[in-house]
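Containing mmCIF, C-alpha atoms: upload.cif.
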```
data_query
loop_
_atom_site.label_atom_id
_atom_site.label_comp_id
_atom_site.auth_asym_id
_atom_site.auth_seq_id
_atom_site.Cartn_x
_atom_site.Cartn_y
_atom_site.Cartn_z
CA MET A 893 76.26 155.22 51.82
CA TRP A 894 78.02 152.38 53.55
CA PHE A 895 77.32 153.28 57.18
CA THR A 896 76.50 156.26 59.34
CA ARG A 897 79.69 157.88 60.57
CA GLY A 898 80.58 159.92 63.62
CA LEU A 899 78.46 157.90 66.02
CA ALA A 900 80.86 157.19 68.86
CA PRO A 901 84.44 157.80 70.01
CA ARG A 902 87.06 155.56 68.57
CA PHE A 903 90.57 154.61 69.62
CA LEU A 904 93.39 156.44 67.88
CA ILE A 905 96.53 154.34 67.86
CA GLN A 906 99.87 156.08 67.38
CA PHE A 907 103.27 154.49 66.85
CA SER A 908 106.55 156.31 67.45
CA CYS A 909 109.42 154.10 66.35
CA ALA A 910 113.20 154.14 66.31
CA GLY A 911 115.33 151.46 64.72
CA TRP A 912 117.77 149.61 66.98
CA ARG A 913 119.20 146.15 67.65
CA SER A 914 117.52 144.32 70.49
CA ARG A 915 119.85 143.21 73.29
CA ASN A 916 121.28 139.70 72.81
CA LEU A 917 118.92 139.07 69.90
CA ALA A 918 119.92 137.79 66.50
CA ARG A 919 118.23 140.40 64.35
CA PRO A 920 117.33 144.10 64.28
CA PHE A 921 114.14 145.05 66.00
CA ALA A 922 112.02 148.19 65.82
CA ALA A 923 111.30 149.59 69.25
CA CYS A 924 108.12 151.61 69.17
CA THR A 925 106.26 153.73 71.64
CA LEU A 926 102.52 153.22 71.37
CA PHE A 927 99.72 155.31 72.67
CA ALA A 928 96.06 154.27 72.78
CA LEU A 929 93.97 157.38 73.07
CA ALA A 930 90.23 157.77 73.29
CA SER A 931 89.71 160.00 70.29
CA PRO A 932 87.58 160.24 67.17
CA ALA A 933 89.25 158.10 64.53
CA PRO A 934 90.42 159.82 61.33
CA GLY A 935 87.82 159.82 58.61
CA LEU A 936 84.88 158.87 60.80
CA ALA A 937 83.48 162.26 61.74
CA GLN A 938 81.57 162.77 58.50
CA ASP A 939 77.97 163.04 57.49
CA ASP A 940 75.72 160.28 56.21
CA GLU A 941 76.59 160.94 52.55
CA ALA A 942 79.71 158.82 52.56
CA GLY A 943 80.35 156.98 49.31
CA PRO A 944 81.16 153.32 48.74
CA LEU A 945 83.77 151.85 51.03
CA THR A 946 87.02 151.23 49.16
CA LEU A 947 89.58 148.68 50.28
CA GLY A 948 92.05 151.35 51.38
CA GLN A 949 89.39 153.16 53.40
CA ALA A 950 88.37 149.94 55.10
CA VAL A 951 91.94 149.23 56.23
CA GLU A 952 92.45 152.81 57.41
CA ILE A 953 89.24 152.83 59.44
CA ALA A 954 89.93 149.44 61.01
CA LEU A 955 93.43 150.43 62.09
CA ALA A 956 92.05 153.60 63.68
CA ALA A 957 88.91 152.18 65.25
CA ASN A 958 89.36 148.52 66.15
CA PRO A 959 89.28 148.06 69.96
CA HIS A 960 91.40 144.88 69.89
CA LEU A 961 94.25 146.83 68.31
CA ALA A 962 93.75 149.70 70.77
CA ALA A 963 93.94 147.21 73.65
CA ALA A 964 97.21 145.78 72.31
CA ALA A 965 98.63 149.30 72.00
CA ALA A 966 97.55 150.18 75.54
CA ARG A 967 99.16 146.99 76.89
CA ALA A 968 102.41 147.81 75.10
CA ALA A 969 102.35 151.35 76.49
CA ALA A 970 101.77 149.95 79.98
CA LEU A 971 104.69 147.52 79.68
CA GLN A 972 107.02 150.34 78.67
CA THR A 973 106.55 151.95 82.07
CA VAL A 974 107.89 148.88 83.93
CA PRO A 975 111.69 148.97 83.27
CA SER A 976 112.26 152.25 85.14
CA GLN A 977 110.26 150.87 88.07
CA ALA A 978 112.37 147.71 88.16
CA ARG A 979 115.62 149.69 88.01
CA THR A 980 114.72 151.91 90.98
CA LEU A 981 115.77 151.10 94.53
CA PRO A 982 113.08 149.89 96.95
CA ASP A 983 111.38 152.68 98.86
CA PRO A 984 113.31 153.60 102.03
CA VAL A 985 111.68 153.18 105.42
CA LEU A 986 111.33 156.14 107.78
CA GLY A 987 110.52 155.14 111.35
CA LEU A 988 109.54 156.83 114.58
CA ASN A 989 110.16 154.75 117.73
CA ALA A 990 109.56 155.34 121.44
CA MET A 991 112.20 153.19 123.14
CA ASN A 992 112.66 152.03 126.75
CA LEU A 993 109.59 153.73 128.15
CA PRO A 994 109.03 152.98 131.86
CA VAL A 995 105.69 151.29 132.18
CA ASP A 996 105.01 152.61 135.64
CA SER A 997 104.87 156.23 134.57
CA PHE A 998 105.61 156.44 130.85
CA ASN A 999 107.67 159.49 131.74
CA LEU A 1000 110.26 160.43 129.14
CA HIS A 1001 112.50 162.06 131.81
CA GLN A 1002 112.55 159.22 134.34
CA GLU A 1003 115.02 156.71 132.86
CA PRO A 1004 118.32 157.55 131.14
CA MET A 1005 117.76 155.01 128.32
CA THR A 1006 114.34 156.37 127.36
CA GLN A 1007 114.44 158.01 123.97
CA VAL A 1008 112.32 158.96 121.00
CA GLN A 1009 114.13 157.61 117.97
CA LEU A 1010 113.86 158.67 114.34
CA THR A 1011 115.23 156.04 111.93
CA PHE A 1012 115.93 155.79 108.22
CA SER A 1013 116.71 152.49 106.46
CA GLN A 1014 117.30 151.53 102.86
CA GLN A 1015 117.42 148.07 101.32
CA ILE A 1016 120.07 147.73 98.61
CA PRO A 1017 119.76 144.68 96.32
CA TYR A 1018 122.98 142.89 95.48
CA PRO A 1019 124.77 144.64 92.59
CA GLY A 1020 123.33 143.56 89.23
CA LYS A 1021 119.89 142.48 90.44
CA ARG A 1022 118.13 145.72 89.59
CA GLN A 1023 119.67 145.80 86.12
CA LEU A 1024 118.53 142.24 85.44
CA LEU A 1025 115.02 143.12 86.58
CA ALA A 1026 115.06 146.12 84.25
CA ASP A 1027 116.43 143.99 81.40
CA ALA A 1028 113.65 141.43 81.81
CA ALA A 1029 111.02 144.17 81.91
CA GLY A 1030 112.61 145.82 78.87
CA TYR A 1031 112.41 142.61 76.88
CA GLU A 1032 108.77 142.21 77.86
CA ALA A 1033 108.10 145.79 76.78
CA GLU A 1034 109.70 144.98 73.41
CA ALA A 1035 107.45 141.94 73.14
CA GLY A 1036 104.40 144.08 73.90
CA VAL A 1037 105.28 146.54 71.14
CA ALA A 1038 105.91 143.69 68.70
CA HIS A 1039 102.61 142.01 69.61
CA ALA A 1040 100.79 145.29 68.94
CA GLU A 1041 102.51 145.66 65.57
CA ASP A 1042 101.71 142.05 64.70
CA ALA A 1043 98.08 142.65 65.65
CA ARG A 1044 98.06 145.64 63.31
CA LEU A 1045 99.41 143.55 60.40
CA ALA A 1046 96.98 140.72 61.13
CA LEU A 1047 94.04 143.13 61.32
CA ALA A 1048 94.97 144.74 57.99
CA GLY A 1049 95.12 141.29 56.38
CA GLN A 1050 91.79 140.25 57.89
CA VAL A 1051 90.11 143.45 56.71
CA ARG A 1052 91.41 142.98 53.16
CA ALA A 1053 90.24 139.37 53.10
CA ALA A 1054 86.81 140.28 54.53
CA TRP A 1055 86.43 143.15 52.04
CA TRP A 1056 87.12 140.84 49.11
CA ARG A 1057 84.68 138.23 50.39
CA LEU A 1058 81.97 140.87 50.58
CA PHE A 1059 82.92 142.16 47.13
CA GLN A 1060 82.63 138.61 45.76
CA HIS A 1061 79.05 138.30 47.05
CA ASP A 1062 78.12 141.68 45.56
CA ARG A 1063 79.33 140.59 42.13
CA ALA A 1064 77.57 137.23 42.43
CA LEU A 1065 74.31 138.95 43.34
CA GLU A 1066 74.74 141.32 40.41
CA ILE A 1067 75.23 138.39 38.01
CA VAL A 1068 72.23 136.53 39.44
CA SER A 1069 70.12 139.69 39.11
CA GLN A 1070 71.14 140.10 35.47
CA ASN A 1071 70.34 136.48 34.72
CA THR A 1072 67.01 136.75 36.52
CA ARG A 1073 66.02 139.53 34.14
CA LEU A 1074 67.31 137.49 31.21
CA MET A 1075 65.38 134.41 32.34
CA ARG A 1076 62.19 136.48 32.49
CA ASP A 1077 62.88 137.46 28.88
CA PHE A 1078 63.32 133.78 28.03
CA ILE A 1079 59.95 133.02 29.62
CA GLN A 1080 58.30 135.69 27.48
CA ILE A 1081 60.01 134.34 24.35
CA ALA A 1082 58.99 130.77 25.18
CA GLN A 1083 55.40 131.81 25.91
CA ALA A 1084 55.18 133.81 22.69
CA ARG A 1085 56.47 130.89 20.64
CA TYR A 1086 54.12 128.52 22.42
CA ARG A 1087 51.11 130.75 21.68
CA VAL A 1088 51.85 130.76 17.94
CA GLY A 1089 52.58 127.04 17.88
CA ASP A 1090 56.36 127.30 17.36
CA GLY A 1091 57.30 126.30 20.89
CA LEU A 1092 56.55 123.71 23.55
CA GLN A 1093 54.87 124.11 26.90
CA GLN A 1094 57.78 122.31 28.50
CA ASP A 1095 60.06 125.17 27.39
CA VAL A 1096 57.91 127.61 29.35
CA LEU A 1097 57.94 125.35 32.37
CA LEU A 1098 61.73 124.86 32.11
CA ALA A 1099 62.32 128.62 31.99
CA GLN A 1100 60.02 129.16 34.97
CA LEU A 1101 61.85 126.43 36.92
CA GLU A 1102 65.22 128.00 36.19
CA LEU A 1103 63.87 131.41 37.26
CA SER A 1104 62.79 129.89 40.59
CA ARG A 1105 66.26 128.40 41.02
CA LEU A 1106 67.81 131.81 40.39
CA LEU A 1107 65.54 133.38 42.99
CA GLU A 1108 66.47 130.65 45.46
CA ARG A 1109 70.16 131.21 44.76
CA GLU A 1110 69.68 134.93 45.28
CA LEU A 1111 68.21 134.25 48.71
CA ARG A 1112 71.21 132.13 49.68
CA LEU A 1113 73.64 134.74 48.36
CA ASN A 1114 71.87 137.47 50.32
CA GLY A 1115 72.35 135.42 53.48
CA MET A 1116 76.03 134.85 52.70
CA ARG A 1117 76.48 138.55 51.97
CA ALA A 1118 74.87 139.49 55.27
CA ARG A 1119 77.34 137.27 57.14
CA ALA A 1120 80.28 138.71 55.19
CA GLU A 1121 79.01 142.22 55.83
CA SER A 1122 78.73 141.50 59.54
CA ALA A 1123 82.27 140.11 59.63
CA LEU A 1124 83.69 143.19 57.92
CA GLY A 1125 81.62 145.50 60.12
CA ALA A 1126 82.99 143.83 63.24
CA LEU A 1127 86.55 144.48 62.08
CA LEU A 1128 85.66 148.10 61.33
CA TYR A 1129 83.95 148.45 64.74
CA THR A 1130 80.72 149.68 63.19
CA PRO A 1131 77.34 149.42 64.97
CA ALA A 1132 75.48 146.16 64.39
CA GLY A 1133 73.04 146.29 61.51
CA ARG A 1134 74.81 149.04 59.58
CA SER A 1135 74.96 148.34 55.86
CA VAL A 1136 78.24 148.41 53.96
CA ALA A 1137 78.24 149.36 50.29
CA LEU A 1138 81.29 148.57 48.15
CA PRO A 1139 82.27 150.13 44.83
CA PRO A 1140 81.35 148.20 41.65
CA GLU A 1141 85.00 147.83 40.67
CA PRO A 1142 88.06 147.36 42.89
CA ASP A 1143 91.08 149.62 42.57
CA ASN A 1144 93.39 146.73 41.78
CA MET A 1145 92.57 143.39 40.16
CA VAL A 1146 96.16 142.40 39.33
CA LEU A 1147 97.32 138.99 40.53
CA PRO A 1148 101.14 139.23 40.47
CA ASP A 1149 103.78 136.56 40.72
CA ILE A 1150 104.83 136.03 44.33
CA PRO A 1151 108.19 135.00 45.81
CA ALA A 1152 108.92 131.39 46.65
CA ASP A 1153 107.89 130.10 50.05
CA GLY A 1154 111.48 130.01 51.28
CA GLU A 1155 112.00 133.67 50.44
CA LEU A 1156 108.80 134.63 52.22
CA VAL A 1157 109.83 132.62 55.29
CA ARG A 1158 113.17 134.44 55.37
CA ALA A 1159 111.28 137.73 55.12
CA ALA A 1160 109.11 136.65 58.04
CA VAL A 1161 112.14 135.75 60.16
CA ALA A 1162 113.57 139.19 59.46
CA ALA A 1163 110.41 141.27 59.79
CA ARG A 1164 107.50 139.38 61.38
CA PRO A 1165 106.76 141.12 64.70
CA ALA A 1166 105.39 137.92 66.25
CA LEU A 1167 108.82 136.29 65.94
CA GLY A 1168 110.48 139.42 67.29
CA ALA A 1169 108.13 139.31 70.25
CA GLN A 1170 108.98 135.69 70.93
CA GLN A 1171 112.71 136.43 70.72
CA ALA A 1172 112.21 139.22 73.24
CA LEU A 1173 110.40 136.81 75.57
CA VAL A 1174 113.35 134.42 75.30
CA GLY A 1175 115.61 137.31 76.32
CA ALA A 1176 113.33 138.12 79.25
CA ALA A 1177 113.39 134.49 80.44
CA ARG A 1178 117.19 134.41 80.28
CA ALA A 1179 117.43 137.63 82.25
CA ARG A 1180 115.12 136.24 84.92
CA ARG A 1181 117.18 133.05 85.10
CA SER A 1182 120.32 135.15 85.66
CA LEU A 1183 118.43 137.07 88.33
CA ALA A 1184 117.42 133.80 90.03
CA GLU A 1185 121.07 132.76 90.12
CA LEU A 1186 122.04 136.12 91.57
CA ASN A 1187 119.39 135.77 94.27
CA LEU A 1188 121.77 133.37 96.02
CA ARG A 1189 123.75 136.51 96.87
CA PRO A 1190 122.53 138.54 99.86
CA ASN A 1191 120.74 141.86 99.71
CA LEU A 1192 122.07 144.62 101.90
CA MET A 1193 120.28 146.88 104.34
CA VAL A 1194 121.74 150.09 105.72
CA GLY A 1195 120.15 152.52 108.12
CA ALA A 1196 120.68 155.24 110.66
CA GLY A 1197 118.79 156.42 113.72
CA TYR A 1198 118.76 159.49 115.94
CA GLY A 1199 117.46 159.12 119.49
CA LEU A 1200 116.17 162.13 121.42
CA ARG A 1201 116.50 161.89 125.24
CA GLN A 1202 114.86 164.05 127.91
CA GLY A 1203 115.99 165.02 131.40
CA ASN A 1204 119.40 165.70 133.01
CA ASP A 1205 122.35 163.44 133.70
CA PRO A 1206 122.58 163.37 137.55
CA PHE A 1207 126.30 162.63 137.51
CA ARG A 1208 127.36 165.41 135.18
CA GLY A 1209 124.60 167.85 135.91
CA VAL A 1210 123.89 168.50 132.25
CA GLY A 1211 121.16 167.45 129.84
CA ARG A 1212 121.27 163.87 128.67
CA PRO A 1213 122.99 163.63 125.28
CA ASP A 1214 121.08 162.30 122.28
CA PHE A 1215 122.05 158.98 120.67
CA PHE A 1216 123.06 158.37 117.05
CA SER A 1217 122.88 154.80 115.65
CA VAL A 1218 124.14 153.17 112.45
CA MET A 1219 122.69 149.88 111.21
CA PHE A 1220 123.89 147.36 108.66
CA GLY A 1221 122.34 144.03 107.70
CA VAL A 1222 122.31 141.34 105.04
CA THR A 1223 119.74 138.77 103.98
CA VAL A 1224 120.80 135.19 104.61
CA PRO A 1225 119.72 132.59 101.96
CA LEU A 1226 119.11 130.05 104.70
CA TYR A 1227 116.53 128.10 102.67
CA ALA A 1228 118.38 128.19 99.36
CA GLU A 1229 117.79 124.53 98.48
CA SER A 1230 114.00 124.84 98.67
CA LYS A 1231 113.72 128.45 97.49
CA GLN A 1232 116.49 130.09 95.44
CA ARG A 1233 117.74 126.92 93.75
CA ARG A 1234 114.16 125.91 92.93
CA ALA A 1235 113.69 129.35 91.43
CA ILE A 1236 116.76 128.80 89.24
CA GLU A 1237 115.30 125.48 88.10
CA GLN A 1238 111.97 127.14 87.39
CA GLN A 1239 113.52 129.89 85.27
CA THR A 1240 115.65 127.36 83.39
CA HIS A 1241 112.46 125.55 82.39
CA GLU A 1242 110.92 128.91 81.44
CA VAL A 1243 113.85 129.64 79.09
CA THR A 1244 113.34 126.24 77.48
CA ARG A 1245 109.61 126.89 77.15
CA GLN A 1246 110.14 130.23 75.43
CA GLU A 1247 112.72 128.75 73.06
CA PHE A 1248 110.31 126.01 72.07
CA ALA A 1249 107.55 128.63 71.74
CA TYR A 1250 109.74 130.51 69.26
CA ASP A 1251 110.27 127.33 67.23
CA ASP A 1252 106.54 126.64 67.34
CA ALA A 1253 105.74 130.19 66.18
CA LEU A 1254 108.21 129.86 63.33
CA ARG A 1255 106.72 126.53 62.23
CA SER A 1256 103.21 127.99 62.37
CA ILE A 1257 104.29 130.92 60.21
CA GLN A 1258 105.94 128.56 57.73
CA ALA A 1259 102.75 126.51 57.53
CA ALA A 1260 100.62 129.64 57.10
CA ILE A 1261 102.86 130.94 54.33
CA SER A 1262 102.77 127.61 52.51
CA GLY A 1263 99.00 127.34 52.86
CA HIS A 1264 98.21 130.89 51.75
CA SER A 1265 100.70 130.62 48.91
CA ALA A 1266 99.08 127.40 47.66
CA ASP A 1267 95.61 128.95 47.92
CA TYR A 1268 96.78 132.01 46.00
CA GLU A 1269 98.43 130.08 43.18
CA ALA A 1270 95.46 127.75 42.75
CA ALA A 1271 92.98 130.64 42.70
CA ARG A 1272 95.16 132.66 40.33
CA GLU A 1273 95.36 129.77 37.88
CA GLN A 1274 91.58 129.40 38.10
CA VAL A 1275 91.13 133.12 37.38
CA THR A 1276 93.38 132.86 34.33
CA LEU A 1277 91.54 129.81 33.01
CA LEU A 1278 88.12 131.36 33.54
CA GLU A 1279 89.13 134.71 32.08
CA THR A 1280 90.94 133.47 29.00
CA ALA A 1281 89.08 130.28 28.10
CA ILE A 1282 85.94 129.25 29.97
CA ILE A 1283 84.02 132.55 30.07
CA PRO A 1284 84.72 133.53 26.43
CA GLN A 1285 83.77 130.03 25.31
CA ALA A 1286 80.61 130.10 27.45
CA GLN A 1287 79.66 133.50 26.00
CA GLN A 1288 80.11 132.26 22.45
CA THR A 1289 78.18 129.08 23.20
CA SER A 1290 75.30 130.96 24.82
CA ALA A 1291 75.03 133.43 21.94
CA SER A 1292 75.16 130.61 19.41
CA MET A 1293 72.52 128.57 21.23
CA LEU A 1294 70.16 131.56 21.48
CA ALA A 1295 70.59 132.34 17.78
CA GLY A 1296 69.95 128.69 16.87
CA TYR A 1297 66.83 128.58 19.07
CA ARG A 1298 65.34 131.54 17.28
CA VAL A 1299 65.50 129.64 13.95
CA ASN A 1300 64.40 126.31 15.50
CA GLU A 1301 67.82 124.67 15.16
CA VAL A 1302 68.46 124.28 18.92
CA ASP A 1303 66.04 123.17 21.60
CA PHE A 1304 65.28 125.40 24.55
CA LEU A 1305 67.00 123.13 27.10
CA ASN A 1306 70.38 123.72 25.44
CA VAL A 1307 69.78 127.48 25.49
CA VAL A 1308 69.04 127.43 29.23
CA ASN A 1309 71.97 125.12 30.00
CA SER A 1310 74.39 127.32 28.09
CA GLN A 1311 73.19 130.39 29.97
CA ILE A 1312 73.51 128.57 33.31
CA THR A 1313 77.08 127.60 32.40
CA LEU A 1314 77.89 131.22 31.55
CA TYR A 1315 76.63 132.80 34.74
CA ASN A 1316 78.14 130.02 36.88
CA SER A 1317 81.48 130.70 35.20
CA GLN A 1318 81.16 134.42 35.84
CA ILE A 1319 80.34 133.83 39.50
CA ASN A 1320 83.26 131.40 39.75
CA TYR A 1321 85.53 134.06 38.29
CA TRP A 1322 84.74 136.60 40.99
CA GLU A 1323 84.94 133.91 43.66
CA ALA A 1324 88.39 132.84 42.44
CA LEU A 1325 89.60 136.43 42.17
CA SER A 1326 88.40 137.23 45.68
CA THR A 1327 89.96 134.04 47.03
CA ALA A 1328 93.27 134.95 45.43
CA LYS A 1329 93.17 138.50 46.77
CA ALA A 1330 92.24 137.32 50.27
CA ALA A 1331 95.04 134.73 50.20
CA LEU A 1332 97.47 137.42 49.03
CA ALA A 1333 96.45 139.67 51.94
CA MET A 1334 96.88 136.90 54.51
CA LEU A 1335 100.16 135.84 52.90
CA ALA A 1336 101.50 139.38 53.32
CA ALA A 1337 100.47 139.44 56.98
CA SER A 1338 102.08 136.03 57.56
CA ALA A 1339 105.35 137.29 56.05
CA GLY A 1340 105.28 140.42 58.19
CA MET A 1341 104.33 142.83 55.40
CA GLU A 1342 101.54 145.39 55.15
CA VAL A 1343 100.83 144.46 51.52
CA LEU A 1344 102.40 142.17 48.95
CA TYR A 1345 102.55 143.68 45.45
CA GLU A 1346 99.29 145.57 45.87
#
```
Represent the structure of the file as structure tokens.
Amino acid sequence: MWFTRGLAPRFLIQFSCAGWRSRNLARPFAACTLFALASPAPGLAQDDEAGPLTLGQAVEIALAANPHLAAAAARAAALQTVPSQARTLPDPVLGLNAMNLPVDSFNLHQEPMTQVQLTFSQQIPYPGKRQLLADAAGYEAEAGVAHAEDARLALAGQVRAAWWRLFQHDRALEIVSQNTRLMRDFIQIAQARYRVGDGLQQDVLLAQLELSRLLERELRLNGMRARAESALGALLYTPAGRSVALPPEPDNMVLPDIPADGELVRAAVAARPALGAQQALVGAARARRSLAELNLRPNLMVGAGYGLRQGNDPFRGVGRPDFFSVMFGVTVPLYAESKQRRAIEQQTHEVTRQEFAYDDALRSIQAAISGHSADYEAAREQVTLLETAIIPQAQQTSASMLAGYRVNEVDFLNVVNSQITLYNSQINYWEALSTAKAALAMLAASAGMEVLYE
């Protein structure tokens, strides 16, 4: 049982995508519709008899339950509602006016110019402004979708890395536990030999000292495991204090060859959502700069009014006719030097900022790929060395030392040292394997991939 399920609502994140080429951008981009719904996450509404948490289950649960990812999806969904708002005309104004009322009587029939007027006016932005506003909002909506997708990839990588770190501590604790039992056997052997005069008291003391060291190491490993368990639980959005049990063996221990850094960088340029988001923000900044330039052109205002008059015309002897009015106006950029042209300058700087931000994001991704790739290769080489040379040699040495001790050909110190070397090598193996797997997961996320050869 790794934790109690079905405790609270989770966020279900849905993606609905269609492939297309983003406007004015250099590469294809996947436009997705995201929904963040308050709903029980898949696989969580179960009883308390859940088995060990596999790596695939951990990723699935995190993607369904993590509130950070749900927040990113909700933000993207919110941004997708903006373009239609920006494209729509401003709301018209409907007015009701009482005009030319005589203040001595406020009688609607007294004066011929008195009227009750009903007006309607509509502001019409200069042609092209609404489309530029919609374009900028559309680019920002694209960026929101891409940020949500990038958050999903990053979360999957973080969960895989956290799972492997916890798995590493489980294997280390298992090895320490096995060696604790073995060291207790050594103590009994040393005590038995000492009682019959074939051993030394210092051998008993040495074994007891090494047992104490193992117990101390177990305490430290338990603390490290608790921190790793807490980190994984936070990504899975589990209640604090819930235990997480992992299977004794992972589904996949293969450490494959990976592409060169340059190939992974090219893959990131083509597929990493973070870069797509930054490209979209560049497009939004350019659209807003074009809009700022167009703001030097006037907006239009058209309107009409109908005036109702009371009383009779004394000259014609008939009722006073109603009035119909037509209105037309334009905005005058009277303060263009301190307003519109400053806005153009501002948006030009914003375009430059977003272009530099794209370059910075690309450099950060290149550095991340290089770093994770170097970590992976170093850990993989360490795994190979430990698996093919160091551990087999340590096993042979330990067995040989123990056999020699039993016939008084090897002293007890060498037996203990050989066993320490063996279990340290075994712990180092799982640490190196977990480091390699974690680096592989983060490398995939940096390159814009869900997984990389796994």
task: Determine the residue membership of the PyMOL selection byres ((chain A and resi 1144) around 10) for the file above and supply it as a VMD selection string.
output: chain A and resid 947 1141 to 1143 1145 to 1147 1329 1346
field: Result set of the PyMOL selection byres ((chain A and resi 1175-1178) around 10) on the coordinates above, as a PyMOL selection string
entry: chain A and resi 914-917+1024-1035+1169-1174+1179-1184+1239-1247
message: Residues within 9 Å of Ala964 (chain A), please, as a list in words. Count only C-alpha atoms; anything in the same chain fewer than 6 positions from it doesn't count.
response: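 Residues meeting the cut-off are Ala928, Gly1036, Val1037, His1039, Ala1040, Glu1041 and Ala1043 of chain A.
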message: Please expand the PyMOL selection byres ((chain A and resi 1205-1219) around 12) into the concrete residues it hits in this file, giving the result as a ChimeraX atom specification.
response: /A:991,1000-1015,1192-1204,1220-1222
Take the selection from the previous step and output its residues with C-alpha atoms, as a PDB file, in the frame of the given file.
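Written output follows (out.pdb):
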```pdb
ATOM      1  CA  MET A 991     112.200 153.190 123.140  1.00  0.00           C
ATOM      2  CA  LEU A1000     110.260 160.430 129.140  1.00  0.00           C
ATOM      3  CA  HIS A1001     112.500 162.060 131.810  1.00  0.00           C
ATOM      4  CA  GLN A1002     112.550 159.220 134.340  1.00  0.00           C
ATOM      5  CA  GLU A1003     115.020 156.710 132.860  1.00  0.00           C
ATOM      6  CA  PRO A1004     118.320 157.550 131.140  1.00  0.00           C
ATOM      7  CA  MET A1005     117.760 155.010 128.320  1.00  0.00           C
ATOM      8  CA  THR A1006     114.340 156.370 127.360  1.00  0.00           C
ATOM      9  CA  GLN A1007     114.440 158.010 123.970  1.00  0.00           C
ATOM     10  CA  VAL A1008     112.320 158.960 121.000  1.00  0.00           C
ATOM     11  CA  GLN A1009     114.130 157.610 117.970  1.00  0.00           C
ATOM     12  CA  LEU A1010     113.860 158.670 114.340  1.00  0.00           C
ATOM     13  CA  THR A1011     115.230 156.040 111.930  1.00  0.00           C
ATOM     14  CA  PHE A1012     115.930 155.790 108.220  1.00  0.00           C
ATOM     15  CA  SER A1013     116.710 152.490 106.460  1.00  0.00           C
ATOM     16  CA  GLN A1014     117.300 151.530 102.860  1.00  0.00           C
ATOM     17  CA  GLN A1015     117.420 148.070 101.320  1.00  0.00           C
ATOM     18  CA  LEU A1192     122.070 144.620 101.900  1.00  0.00           C
ATOM     19  CA  MET A1193     120.280 146.880 104.340  1.00  0.00           C
ATOM     20  CA  VAL A1194     121.740 150.090 105.720  1.00  0.00           C
ATOM     21  CA  GLY A1195     120.150 152.520 108.120  1.00  0.00           C
ATOM     22  CA  ALA A1196     120.680 155.240 110.660  1.00  0.00           C
ATOM     23  CA  GLY A1197     118.790 156.420 113.720  1.00  0.00           C
ATOM     24  CA  TYR A1198     118.760 159.490 115.940  1.00  0.00           C
ATOM     25  CA  GLY A1199     117.460 159.120 119.490  1.00  0.00           C
ATOM     26  CA  LEU A1200     116.170 162.130 121.420  1.00  0.00           C
ATOM     27  CA  ARG A1201     116.500 161.890 125.240  1.00  0.00           C
ATOM     28  CA  GLN A1202     114.860 164.050 127.910  1.00  0.00           C
ATOM     29  CA  GLY A1203     115.990 165.020 131.400  1.00  0.00           C
ATOM     30  CA  ASN A1204     119.400 165.700 133.010  1.00  0.00           C
ATOM     31  CA  PHE A1220     123.890 147.360 108.660  1.00  0.00           C
ATOM     32  CA  GLY A1221     122.340 144.030 107.700  1.00  0.00           C
ATOM     33  CA  VAL A1222     122.310 141.340 105.040  1.00  0.00           C
TER      34      VAL A1222
END
```
- request: Record the distance separating CA of Leu1138 (chain A) and CA of Trp1055 (chain A), expressed in Å with one decimal.
  value: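 CA of Trp1055 (chain A) lies 8.4 Å from CA of Leu1138 (chain A).
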query: So which one's closest to Leu1127 (chain A), A:Leu1314, A:Val1307, A:Ile1283, A:Leu961? Using only C-alpha atoms, please.
result: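 Using only C-alpha atoms, the shortest distance to Leu1127 (chain A) belongs to A:Leu961.
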task: Please provide as a list of chain:residue names all residues within 9 Å of Val1343 (chain A), with the sequence filter that same-chain residues fewer than 3 positions apart are discarded (counting only C-alpha atoms).
output: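 The neighbour list is A:Ala1048, A:Gly1049, A:Leu1332, A:Ala1333, A:Leu1335, A:Ala1336, A:Ala1337, A:Gly1340, A:Glu1346.
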Just C-alpha atoms for this one: save the residues we selected as a PDB file, in the coordinates of the input.
```pdb
ATOM      1  CA  ALA A1048      94.970 144.740  57.990  1.00  0.00           C
ATOM      2  CA  GLY A1049      95.120 141.290  56.380  1.00  0.00           C
ATOM      3  CA  LEU A1332      97.470 137.420  49.030  1.00  0.00           C
ATOM      4  CA  ALA A1333      96.450 139.670  51.940  1.00  0.00           C
ATOM      5  CA  LEU A1335     100.160 135.840  52.900  1.00  0.00           C
ATOM      6  CA  ALA A1336     101.500 139.380  53.320  1.00  0.00           C
ATOM      7  CA  ALA A1337     100.470 139.440  56.980  1.00  0.00           C
ATOM      8  CA  GLY A1340     105.280 140.420  58.190  1.00  0.00           C
ATOM      9  CA  GLU A1346      99.290 145.570  45.870  1.00  0.00           C
TER      10      GLU A1346
END
```
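The spacing separating CA of Gln1093 (chain A) from CA of Ala1291 (chain A) amounts to 22.8 Å.
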message: With distances taken over all atoms listed in the file, which residue among A:Arg1087, A:Arg1119, A:His1061, A:Arg1158 lies nearest Ala1324 (chain A)?
response: A:His1061
Put a box with edges along x, y and z around all the listed atoms of region 1265-1274 of chain A, pad it by 6 Å on each side, then give me its centre and sizes in Å, one decimal, as lines of an AutoDock Vina configuration file.
```
center_x = 96.1
center_y = 130.0
center_z = 43.4
size_x = 21.1
size_y = 17.3
size_z = 23.0
```
- request: Tell me which of A:Arg1109, A:Pro1165, A:Leu1098, A:Pro1017 sits closest to Asn1309 (chain A), counting all atoms listed in the file.
  value: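 When distances to Asn1309 (chain A) are compared using all atoms listed in the file, the smallest one comes from A:Leu1098.
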